[in-house]
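Inspection log for the structure reproduced underneath, given as structure tokens.
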Amino acid sequence: MLQATIGLQNTGGTPGADCIYTIVRNGAAIFSIRAGSVPAGGFDGVSFSYMDSGLPAGYYAYGLTVSAYSGATPPNIVGPLIFSGLSLSM
């Protein structure tokens, strides 16, 4: 189970860009989610979870990327920025 929480701030005068949040495993994208823009001058938080299953036992490196989707100004990541995982053996 992978969980992410990202705190955002829009310092611009108009709504910011939508963002795409992507979880990568060993350098390859395995999950993406798109979240709406942050209101002008506002703060917002995005949280999501993803269950990565069906993998053989072994070491896997995970990462989290955020990218702006539209041409508007992307929000600033101000925190918290939390990315955690839990490994379960079935």
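In the structure tokens, each chain is lettered A, B, ... as it comes, each chain's residues begin at 1, and ligands are numbered from 1 in order of appearance.
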Compile the contact shell of range 27-39 of chain A as a ChimeraX atom specification: residues with an atom at most 8 Å away, counting only C-alpha atoms, same-chain residues fewer than 5 positions apart removed. /A:8-10,14-22,44,46,50,61-63,75
Got a sec: who's within 8 Å of Gly45 in chain A, counting only C-alpha atoms, leaving out chain neighbours fewer than 4 positions off, as a list of chain:residue names? A:Thr5, A:Ile6, A:Gly7, A:Leu8
Please give the complete set of residues from range 2-89 of chain A that DSSP, run on the backbone, assigns to strand (DSSP E or B), formatted as a PDB file with C-alpha atoms, in the first residue's frame.
ATOM      1  CA  LEU A   2       1.486   3.332  -1.118  1.00  0.00           C
ATOM      2  CA  GLN A   3       0.139   6.599   0.268  1.00  0.00           C
ATOM      3  CA  ALA A   4       0.900  10.197  -0.692  1.00  0.00           C
ATOM      4  CA  THR A   5      -0.066  13.594   0.705  1.00  0.00           C
ATOM      5  CA  ILE A   6       1.052  16.828  -0.940  1.00  0.00           C
ATOM      6  CA  GLY A   7       0.361  20.358   0.373  1.00  0.00           C
ATOM      7  CA  LEU A   8       0.016  23.041  -2.308  1.00  0.00           C
ATOM      8  CA  GLN A   9      -0.244  26.833  -2.468  1.00  0.00           C
ATOM      9  CA  CYS A  19      -1.618  18.619 -11.655  1.00  0.00           C
ATOM     10  CA  ILE A  20      -0.875  15.001 -12.495  1.00  0.00           C
ATOM     11  CA  TYR A  21       0.605  12.917  -9.683  1.00  0.00           C
ATOM     12  CA  THR A  22       2.464   9.775 -10.789  1.00  0.00           C
ATOM     13  CA  ILE A  23       3.863   6.882  -8.778  1.00  0.00           C
ATOM     14  CA  VAL A  24       6.826   5.155 -10.420  1.00  0.00           C
ATOM     15  CA  ARG A  25       8.310   1.742  -9.629  1.00  0.00           C
ATOM     16  CA  ALA A  28       8.360   3.106 -14.798  1.00  0.00           C
ATOM     17  CA  ALA A  29       4.999   4.795 -14.172  1.00  0.00           C
ATOM     18  CA  ILE A  30       2.492   2.456 -12.511  1.00  0.00           C
ATOM     19  CA  PHE A  31      -0.253   4.861 -11.366  1.00  0.00           C
ATOM     20  CA  SER A  32      -1.381   8.408 -12.175  1.00  0.00           C
ATOM     21  CA  ILE A  33      -4.115  10.659 -10.868  1.00  0.00           C
ATOM     22  CA  ARG A  34      -5.166  14.144 -11.963  1.00  0.00           C
ATOM     23  CA  ALA A  35      -6.279  16.733  -9.404  1.00  0.00           C
ATOM     24  CA  PHE A  43      -3.878  26.375  -0.028  1.00  0.00           C
ATOM     25  CA  ASP A  44      -4.965  22.817  -0.785  1.00  0.00           C
ATOM     26  CA  GLY A  45      -3.912  19.282  -0.005  1.00  0.00           C
ATOM     27  CA  VAL A  46      -4.025  16.214  -2.230  1.00  0.00           C
ATOM     28  CA  SER A  47      -4.027  12.715  -0.719  1.00  0.00           C
ATOM     29  CA  PHE A  48      -4.310   9.349  -2.447  1.00  0.00           C
ATOM     30  CA  SER A  49      -3.461   5.665  -1.996  1.00  0.00           C
ATOM     31  CA  TYR A  50      -2.491   2.906  -4.420  1.00  0.00           C
ATOM     32  CA  TYR A  62       9.301   3.800  -5.692  1.00  0.00           C
ATOM     33  CA  GLY A  63       9.087   7.489  -6.459  1.00  0.00           C
ATOM     34  CA  LEU A  64       6.487  10.234  -6.744  1.00  0.00           C
ATOM     35  CA  THR A  65       6.392  12.917  -9.447  1.00  0.00           C
ATOM     36  CA  VAL A  66       4.110  15.932  -9.879  1.00  0.00           C
ATOM     37  CA  SER A  67       3.640  17.787 -13.147  1.00  0.00           C
ATOM     38  CA  ALA A  68       1.405  20.644 -14.317  1.00  0.00           C
ATOM     39  CA  ASN A  76       4.000  25.635  -5.183  1.00  0.00           C
ATOM     40  CA  ILE A  77       4.552  22.541  -3.076  1.00  0.00           C
ATOM     41  CA  VAL A  78       4.650  23.915   0.467  1.00  0.00           C
ATOM     42  CA  GLY A  79       4.135  20.739   2.460  1.00  0.00           C
ATOM     43  CA  PRO A  80       3.513  18.499   3.949  1.00  0.00           C
ATOM     44  CA  LEU A  81       5.018  16.151   1.399  1.00  0.00           C
ATOM     45  CA  ILE A  82       4.556  12.601   2.626  1.00  0.00           C
ATOM     46  CA  PHE A  83       5.127   9.463   0.548  1.00  0.00           C
ATOM     47  CA  SER A  84       5.057   6.165   2.419  1.00  0.00           C
ATOM     48  CA  GLY A  85       4.615   2.488   1.740  1.00  0.00           C
TER      49      GLY A  85
END
